[in-house]
2 protein chains.
Amino acid sequence: MADTLHLSADPVELTAALVDVPSVSGDEARLADLVERALREQTRLEVVRSGNAVLARTNLGRPSRVVFAGHLDTVPVNDNLPSRLEDGVLHGLGSVDMKGGDAVMLHLAATVTDPRHDLTFVFYDCEEVDAVRNGLGRVERDLPEWLAGDLAIVCEPSNGVVEAGCQGTMRIEVRTRGARAHTARGWMGENAIHALGEALRRLEAYEPRQPEIDGCRYHEGLQAVKVEGGVAGNVVPDAAVLTVNHRFAPDRSPEQAERHLREVFDGYDVTVTDVSPGALPGLGAPVTRELVEAAGGEPVAKLGWTDVARFAALGMPAVNFGPGDPVLAHTRQENVQVNEVRRCVEVLRRFLG
Amino acid sequence: MADTLHLSADPVELTAALVDVPSVSGDEARLADLVERALREQTRLEVVRSGNAVLARTNLGRPSRVVFAGHLDTVPVNDNLPSRLEDGVLHGLGSVDMKGGDAVMLHLAATVTDPRHDLTFVFYDCEEVDAVRNGLGRVERDLPEWLAGDLAIVCEPSNGVVEAGCQGTMRIEVRTRGARAHTARGWMGENAIHALGEALRRLEAYEPRQPEIDGCRYHEGLQAVKVEGGVAGNVVPDAAVLTVNHRFAPDRSPEQAERHLREVFDGYDVTVTDVSPGALPGLGAPVTRELVEAAGGEPVAKLGWTDVARFAALGMPAVNFGPGDPVLAHTRQENVQVNEVRRCVEVLRRFLG
């Protein structure tokens, strides 16, 4: 594991160095320490630490400001560490989601010395867990002035294409109740785990919408992400919980999405435990158009929820733009093409130059 | 909580005192300490401690020996402590399964001074969990001579009727595999929790056999007792496990029961994690007939698995005989009629006198 991050050198090596410091949500302290130390070496930057978030910005008096945001955490390790570079592809946990994007940001922070816009870089924790723990949310509450700007670029993987808007996400708990009994006389009780069968059947049969909004095609989803139940090996269980994650297109509000889920799980006890609204694709702002031009190609719909929605809620134009294929995010085999890391650096350097 | 158990006084008060010392499986040390201390005060008895099992026996040189067995542990607390005596009914965790039976044994150990048979009393731990942890199994391995005798009486609740044989129990894990993906693109993965839906459907539709053997009616069962799965709140899970408990009549061997479960869950990955064979009702032995006579009434089938099967496997006649309704075992509202505790003491005193 690296003791020092070399921001100005090769952004691909920097990506590998970031991957090799494990940072599963809640355990980002070591990586945040390294990022903080490396940024403090850039004397042009004002740096602030907030929990496991690290914030850095220029104060050049430019008429406009671009805010870059990247999360430092990853989903749990899945036999995919340390990083491995092979045939121009860097493999490893977080390579695509989103340490490639973090490396692009860190490299720009160290090497773009005379940008057209003032720049803010926000590296934060706990994006991969419940919204209530999200480090960017904490920064928004504690240091709101650090998020202000004319455009936010969230460097989540987008195949190096500007992705507009994003889908919302909602987590619910579907609870069943029964009555305990000794399993030797199971018919005296009521099995709460068996009662989840119908809910799983509805999940299997579910057909997600794929609406088109402003020329962007979204794709909803409904997936069980956790199931839990049981008292003891010889007891008919009286309670079980199924946690379901719903991804909804930005033409639905959180309230509409909740209403929909209550219909899907009609007859069940449903509780919303976590929700983040989507963001409509909003491509009108001049700074956004400059970025789209620098990137080339057409903007597309963002399927995953990203903190774009958080900036959109603050009233700022906000897009995703980062290296790597988002389809690989959260898979064991996640990886990023090294050329794409380099191309993202070049596009953003052109945009800021 | 009692500091001392008064064995010779009222067996109902003794039951309440035992209930009021919590002893969930694995946490029996305090109760075993009290039982050991009280038995050591009975100078006629040879007493041995083995882990959280306490063994006591007479050595009167009688031509025959009766072994009494009772487990000290209970299923988890379910808002049903401390004990409560109301209208001749003692309520509380373990009152029926099986501290009523333990109290009968302890009271006999202290008050039957001149029995027709030599007597062995075995109080043991971890009956309510996987067979591999069962304290009686440990005693069987470490101190086999302590289980030898001409009749074993397991004082599990049997409504004060002699119950013959017992059903076998088997636990299996039904495992599903899938492929992880980000829930924003759920269709790229394969949801292992959804795949449990079909297994739960089969459990719901399952029709248990109710065979009659030697005039005793058995009643099989198949119940999910645990379900577990999930990686993170935004990841399509690639693994899930359903634990199922099967109770099978003693006309099936463990091998036949396993074959049956593999048919029921055809297409699934099934592992047997725990098994205890049943015991056929065997009512021929003379000492057993004496007990049946002393108890009055007809022997009936035992539905729950009890350590009767363990003694049966050792080649000894073995029956269940204890106070309380086994249907109440493992329910929150478990309780025992105080008259039945007293009647069991009287029946056994007559049988031993």
# chains A, B, ... in the order shown; residues from 1 in each chain; ligands from 1
$ closest_atom_pairs --of "chain B" --to "chain A" --cutoff "7 Å" --atoms "only C-alpha atoms" --output "CSV"
residue,atom,partner,partner_atom,distance
B:Val129,CA,A:Gly233,CA,6.5
B:Arg180,CA,A:Thr331,CA,5.6
B:Ala181,CA,A:Thr331,CA,5.2
B:His182,CA,A:His330,CA,5.2
B:Thr183,CA,A:Gln223,CA,6.6
B:Ala184,CA,A:Gly304,CA,4.6
B:Arg185,CA,A:Val327,CA,6.9
B:Gly186,CA,A:Gly221,CA,6.3
B:Ile193,CA,A:Ala224,CA,6.4
B:His194,CA,A:Leu200,CA,5.5
B:Gly197,CA,A:Leu200,CA,5.0
B:Leu200,CA,A:Gly197,CA,5.0
B:Arg201,CA,A:Gly197,CA,5.7
B:Leu203,CA,A:His194,CA,6.8
B:Glu204,CA,A:His194,CA,6.2
B:Gly221,CA,A:Gly186,CA,6.2
B:Gln223,CA,A:Thr183,CA,6.6
B:Ala224,CA,A:Ile193,CA,6.4
B:Val225,CA,A:Gly230,CA,5.2
B:Lys226,CA,A:Gly230,CA,4.1
B:Val227,CA,A:Gly229,CA,5.2
B:Glu228,CA,A:Glu228,CA,4.9
B:Gly229,CA,A:Val227,CA,5.2
B:Gly230,CA,A:Lys226,CA,4.1
B:Val231,CA,A:Val225,CA,6.9
B:Ala232,CA,A:Val225,CA,6.6
B:Gly233,CA,A:Val225,CA,5.7
B:Asn234,CA,A:Asn245,CA,6.8
B:Val235,CA,A:Val225,CA,6.3
B:Val236,CA,A:Val225,CA,5.9
B:Pro237,CA,A:Val225,CA,6.0
B:Asn245,CA,A:Asn234,CA,6.8
B:Arg247,CA,A:Ala184,CA,6.1
B:Leu303,CA,A:Ala184,CA,6.0
B:Gly304,CA,A:Ala184,CA,4.6
B:Val327,CA,A:Arg185,CA,6.8
B:Ala329,CA,A:His182,CA,6.1
B:His330,CA,A:His182,CA,5.2
B:Thr331,CA,A:Ala181,CA,5.2
$ closest_atom_pairs --of "segment 129-239 of chain A" --to "segment 84-99 of chain A" --cutoff "10 Å" --atoms "only C-alpha atoms" --output "JSON lines"
{"residue": "A:Cys155", "atom": "CA", "partner": "A:Met98", "partner_atom": "CA", "distance": 7.5}
{"residue": "A:Glu156", "atom": "CA", "partner": "A:Met98", "partner_atom": "CA", "distance": 5.8}
{"residue": "A:Pro157", "atom": "CA", "partner": "A:Val96", "partner_atom": "CA", "distance": 6.2}
{"residue": "A:Ser158", "atom": "CA", "partner": "A:Val96", "partner_atom": "CA", "distance": 9.5}
{"residue": "A:Asn159", "atom": "CA", "partner": "A:Val96", "partner_atom": "CA", "distance": 9.8}
$ closest_residue --among "B:Cys126, B:Cys344, B:Ala109, B:Leu143" --to "Asp73 of chain B" --atoms "only C-alpha atoms"
B:Cys126
$ residues_around --residues "Leu34 of chain B" --least-positions-apart "5" --cutoff "8 Å" --atoms "only C-alpha atoms" --output "ChimeraX atom specification"
/B:3-5
$ write_last_selection --atoms "C-alpha atoms" --output "PDB file, in the first residue's frame"
ATOM      1  CA  ASP B   3     -29.337 -18.300  45.484  1.00  0.00           C
ATOM      2  CA  THR B   4     -30.308 -21.765  46.650  1.00  0.00           C
ATOM      3  CA  LEU B   5     -32.679 -24.390  45.309  1.00  0.00           C
TER       4      LEU B   5
END
$ residues_around --residues "Arg217 of chain A" --least-positions-apart "3" --cutoff "12 Å" --atoms "only C-alpha atoms" --output "list in words"
Glu163, Ala164, Gly165, Cys166, Gln167, Arg209, Gln210, Pro211, Glu212, Ile213, Asp214, Glu220, Ala249, Pro250, Asp251, Leu280, Pro281, Pro299, Val300, Ala301, Lys302 and Leu303 of chain A
$ atom_distance --atom1 "atom CA of Val139 of chain A" --atom2 "atom CA of Ala313 of chain A"
14.5 Å
$ atom_distance --atom1 "atom CA of Arg30 of chain B" --atom2 "atom CA of Leu18 of chain B"
10.6 Å
$ select_by_dssp --residues "segment 9-50 of chain A" --states "helix (DSSP H, G or I)" --output "compact mmCIF listing (two decimals) with N, CA, C and O atoms, in the first residue's frame"
# COMPACT_ATOMS: atom_id res chain seq x y z
N PRO A 11 -1.88 9.41 -14.02
CA PRO A 11 -3.19 9.22 -13.37
C PRO A 11 -3.61 7.75 -13.30
O PRO A 11 -4.44 7.40 -12.44
N VAL A 12 -3.05 6.91 -14.16
CA VAL A 12 -3.39 5.47 -14.09
C VAL A 12 -2.71 4.84 -12.87
O VAL A 12 -3.34 4.10 -12.11
N GLU A 13 -1.43 5.18 -12.69
CA GLU A 13 -0.75 4.68 -11.49
C GLU A 13 -1.43 5.22 -10.23
O GLU A 13 -1.53 4.52 -9.21
N LEU A 14 -1.89 6.45 -10.33
CA LEU A 14 -2.60 7.04 -9.20
C LEU A 14 -3.89 6.26 -8.91
O LEU A 14 -4.22 5.97 -7.74
N THR A 15 -4.60 5.88 -9.97
CA THR A 15 -5.81 5.06 -9.79
C THR A 15 -5.47 3.77 -9.06
O THR A 15 -6.14 3.37 -8.09
N ALA A 16 -4.41 3.09 -9.53
CA ALA A 16 -4.01 1.82 -8.90
C ALA A 16 -3.66 2.03 -7.43
O ALA A 16 -4.03 1.22 -6.57
N ALA A 17 -2.96 3.13 -7.14
CA ALA A 17 -2.58 3.41 -5.75
C ALA A 17 -3.83 3.61 -4.90
O ALA A 17 -3.91 3.14 -3.75
N LEU A 18 -4.86 4.29 -5.44
CA LEU A 18 -6.10 4.50 -4.68
C LEU A 18 -6.83 3.17 -4.46
O LEU A 18 -7.35 2.90 -3.37
N VAL A 19 -6.86 2.33 -5.50
CA VAL A 19 -7.54 1.02 -5.37
C VAL A 19 -6.87 0.20 -4.27
O VAL A 19 -7.56 -0.49 -3.50
N ALA A 29 -10.93 6.15 6.50
CA ALA A 29 -10.02 7.08 7.19
C ALA A 29 -8.62 7.08 6.58
O ALA A 29 -8.04 8.15 6.32
N ARG A 30 -8.08 5.88 6.32
CA ARG A 30 -6.71 5.83 5.83
C ARG A 30 -6.60 6.47 4.45
O ARG A 30 -5.67 7.23 4.18
N LEU A 31 -7.56 6.18 3.58
CA LEU A 31 -7.50 6.78 2.25
C LEU A 31 -7.69 8.29 2.33
O LEU A 31 -6.99 9.06 1.65
N ALA A 32 -8.63 8.73 3.19
CA ALA A 32 -8.85 10.17 3.34
C ALA A 32 -7.58 10.85 3.87
O ALA A 32 -7.25 11.97 3.44
N ASP A 33 -6.86 10.19 4.77
CA ASP A 33 -5.59 10.75 5.28
C ASP A 33 -4.60 10.99 4.14
O ASP A 33 -3.97 12.04 4.05
N LEU A 34 -4.47 9.98 3.27
CA LEU A 34 -3.52 10.09 2.16
C LEU A 34 -3.92 11.21 1.20
O LEU A 34 -3.08 11.98 0.73
N VAL A 35 -5.21 11.27 0.90
CA VAL A 35 -5.71 12.31 -0.02
C VAL A 35 -5.48 13.69 0.59
O VAL A 35 -5.02 14.62 -0.08
N GLU A 36 -5.80 13.80 1.88
CA GLU A 36 -5.63 15.10 2.55
C GLU A 36 -4.17 15.54 2.48
O GLU A 36 -3.86 16.69 2.12
N ARG A 37 -3.26 14.61 2.83
CA ARG A 37 -1.84 14.96 2.86
C ARG A 37 -1.37 15.41 1.46
O ARG A 37 -0.68 16.41 1.32
N ALA A 38 -1.78 14.67 0.44
CA ALA A 38 -1.34 15.00 -0.93
C ALA A 38 -1.90 16.36 -1.38
O ALA A 38 -1.21 17.13 -2.05
N LEU A 39 -3.13 16.65 -0.99
CA LEU A 39 -3.73 17.93 -1.40
C LEU A 39 -3.10 19.10 -0.65
O LEU A 39 -2.94 20.19 -1.20
N ARG A 40 -2.73 18.87 0.61
CA ARG A 40 -2.14 19.96 1.38
C ARG A 40 -0.77 20.34 0.81
O ARG A 40 -0.29 21.45 1.03
$ select_by_dssp --residues "segment 175-343 of chain A" --states "strand (DSSP E or B)" --output "MDAnalysis selection string"
chainID A and resid 175:177 179 181:182 190 212:213 216:217 221:230 235:236 239:248 269:276 279 300:301 318:320 335:337
$ residues_around --residues "segment 54-64 of chain B" --least-positions-apart "2" --cutoff "7 Å" --atoms "only C-alpha atoms" --output "PyMOL selection string"
chain B and resi 32+36+44-50+52+66+116-124+149-150
$ residues_around --residues "Gly353 of chain A" --least-positions-apart "2" --cutoff "7 Å" --atoms "only C-alpha atoms" --output "ChimeraX atom specification"
/A:115-116,349-351
$ atom_distance --atom1 "atom CA of Gly178 of chain A" --atom2 "atom CA of Val272 of chain B"
25.8 Å
$ residues_around --residues "His107 of chain B" --least-positions-apart "5" --cutoff "9 Å" --atoms "only C-alpha atoms" --output "PyMOL selection string"
chain B and resi 6-11+14+102+112+345
$ decode --residues "segment 271-339 of chain B" --atoms "C-alpha atoms" --output "PDB file, in the first residue's frame"
ATOM      1  CA  THR B 271     -26.801 -29.514   2.459  1.00  0.00           C
ATOM      2  CA  VAL B 272     -27.737 -31.461   5.595  1.00  0.00           C
ATOM      3  CA  THR B 273     -26.358 -29.564   8.588  1.00  0.00           C
ATOM      4  CA  ASP B 274     -27.902 -31.409  11.518  1.00  0.00           C
ATOM      5  CA  VAL B 275     -29.729 -34.676  11.970  1.00  0.00           C
ATOM      6  CA  SER B 276     -31.093 -36.773  14.820  1.00  0.00           C
ATOM      7  CA  PRO B 277     -32.892 -40.027  14.038  1.00  0.00           C
ATOM      8  CA  GLY B 278     -36.317 -40.786  15.444  1.00  0.00           C
ATOM      9  CA  ALA B 279     -37.076 -43.691  17.745  1.00  0.00           C
ATOM     10  CA  LEU B 280     -39.739 -46.324  17.140  1.00  0.00           C
ATOM     11  CA  PRO B 281     -42.234 -46.811  19.976  1.00  0.00           C
ATOM     12  CA  GLY B 282     -40.881 -49.870  21.846  1.00  0.00           C
ATOM     13  CA  LEU B 283     -43.155 -50.690  24.738  1.00  0.00           C
ATOM     14  CA  GLY B 284     -42.216 -54.315  25.475  1.00  0.00           C
ATOM     15  CA  ALA B 285     -39.705 -54.012  28.342  1.00  0.00           C
ATOM     16  CA  PRO B 286     -40.956 -54.953  31.850  1.00  0.00           C
ATOM     17  CA  VAL B 287     -39.732 -51.787  33.558  1.00  0.00           C
ATOM     18  CA  THR B 288     -41.511 -49.733  30.869  1.00  0.00           C
ATOM     19  CA  ARG B 289     -44.744 -51.657  31.503  1.00  0.00           C
ATOM     20  CA  GLU B 290     -44.431 -50.909  35.243  1.00  0.00           C
ATOM     21  CA  LEU B 291     -44.147 -47.204  34.465  1.00  0.00           C
ATOM     22  CA  VAL B 292     -47.114 -47.297  32.066  1.00  0.00           C
ATOM     23  CA  GLU B 293     -49.142 -48.972  34.795  1.00  0.00           C
ATOM     24  CA  ALA B 294     -48.104 -46.467  37.454  1.00  0.00           C
ATOM     25  CA  ALA B 295     -49.025 -43.600  35.101  1.00  0.00           C
ATOM     26  CA  GLY B 296     -52.345 -45.123  34.034  1.00  0.00           C
ATOM     27  CA  GLY B 297     -53.725 -44.412  30.547  1.00  0.00           C
ATOM     28  CA  GLU B 298     -52.477 -45.415  27.108  1.00  0.00           C
ATOM     29  CA  PRO B 299     -49.030 -44.515  25.741  1.00  0.00           C
ATOM     30  CA  VAL B 300     -49.151 -42.080  22.788  1.00  0.00           C
ATOM     31  CA  ALA B 301     -46.766 -40.987  20.019  1.00  0.00           C
ATOM     32  CA  LYS B 302     -44.125 -38.354  20.745  1.00  0.00           C
ATOM     33  CA  LEU B 303     -44.069 -35.748  17.975  1.00  0.00           C
ATOM     34  CA  GLY B 304     -41.128 -33.634  19.076  1.00  0.00           C
ATOM     35  CA  TRP B 305     -37.640 -35.031  18.882  1.00  0.00           C
ATOM     36  CA  THR B 306     -36.279 -35.756  22.331  1.00  0.00           C
ATOM     37  CA  ASP B 307     -33.204 -37.438  23.653  1.00  0.00           C
ATOM     38  CA  VAL B 308     -35.327 -40.560  23.966  1.00  0.00           C
ATOM     39  CA  ALA B 309     -33.862 -41.325  20.537  1.00  0.00           C
ATOM     40  CA  ARG B 310     -30.350 -41.141  21.967  1.00  0.00           C
ATOM     41  CA  PHE B 311     -31.130 -43.723  24.659  1.00  0.00           C
ATOM     42  CA  ALA B 312     -33.001 -45.878  22.127  1.00  0.00           C
ATOM     43  CA  ALA B 313     -29.841 -45.872  19.989  1.00  0.00           C
ATOM     44  CA  LEU B 314     -27.921 -47.124  23.050  1.00  0.00           C
ATOM     45  CA  GLY B 315     -30.282 -50.112  23.108  1.00  0.00           C
ATOM     46  CA  MET B 316     -32.251 -49.024  26.198  1.00  0.00           C
ATOM     47  CA  PRO B 317     -36.012 -48.768  26.489  1.00  0.00           C
ATOM     48  CA  ALA B 318     -36.717 -45.054  26.714  1.00  0.00           C
ATOM     49  CA  VAL B 319     -39.873 -42.984  27.055  1.00  0.00           C
ATOM     50  CA  ASN B 320     -40.961 -39.415  27.635  1.00  0.00           C
ATOM     51  CA  PHE B 321     -42.863 -38.678  30.768  1.00  0.00           C
ATOM     52  CA  GLY B 322     -43.176 -35.196  32.176  1.00  0.00           C
ATOM     53  CA  PRO B 323     -45.589 -32.455  33.216  1.00  0.00           C
ATOM     54  CA  GLY B 324     -47.118 -29.962  30.814  1.00  0.00           C
ATOM     55  CA  ASP B 325     -48.517 -29.713  27.315  1.00  0.00           C
ATOM     56  CA  PRO B 326     -45.772 -30.052  24.668  1.00  0.00           C
ATOM     57  CA  VAL B 327     -47.849 -27.926  22.282  1.00  0.00           C
ATOM     58  CA  LEU B 328     -46.925 -24.925  24.426  1.00  0.00           C
ATOM     59  CA  ALA B 329     -43.177 -25.566  24.107  1.00  0.00           C
ATOM     60  CA  HIS B 330     -41.270 -22.723  22.385  1.00  0.00           C
ATOM     61  CA  THR B 331     -44.270 -20.404  22.446  1.00  0.00           C
ATOM     62  CA  ARG B 332     -44.198 -17.084  24.204  1.00  0.00           C
ATOM     63  CA  GLN B 333     -47.104 -18.075  26.428  1.00  0.00           C
ATOM     64  CA  GLU B 334     -45.649 -21.390  27.597  1.00  0.00           C
ATOM     65  CA  ASN B 335     -46.935 -22.552  30.968  1.00  0.00           C
ATOM     66  CA  VAL B 336     -47.494 -25.627  33.083  1.00  0.00           C
ATOM     67  CA  GLN B 337     -50.398 -26.697  35.284  1.00  0.00           C
ATOM     68  CA  VAL B 338     -49.105 -26.969  38.836  1.00  0.00           C
ATOM     69  CA  ASN B 339     -51.308 -30.017  39.498  1.00  0.00           C
TER      70      ASN B 339
END
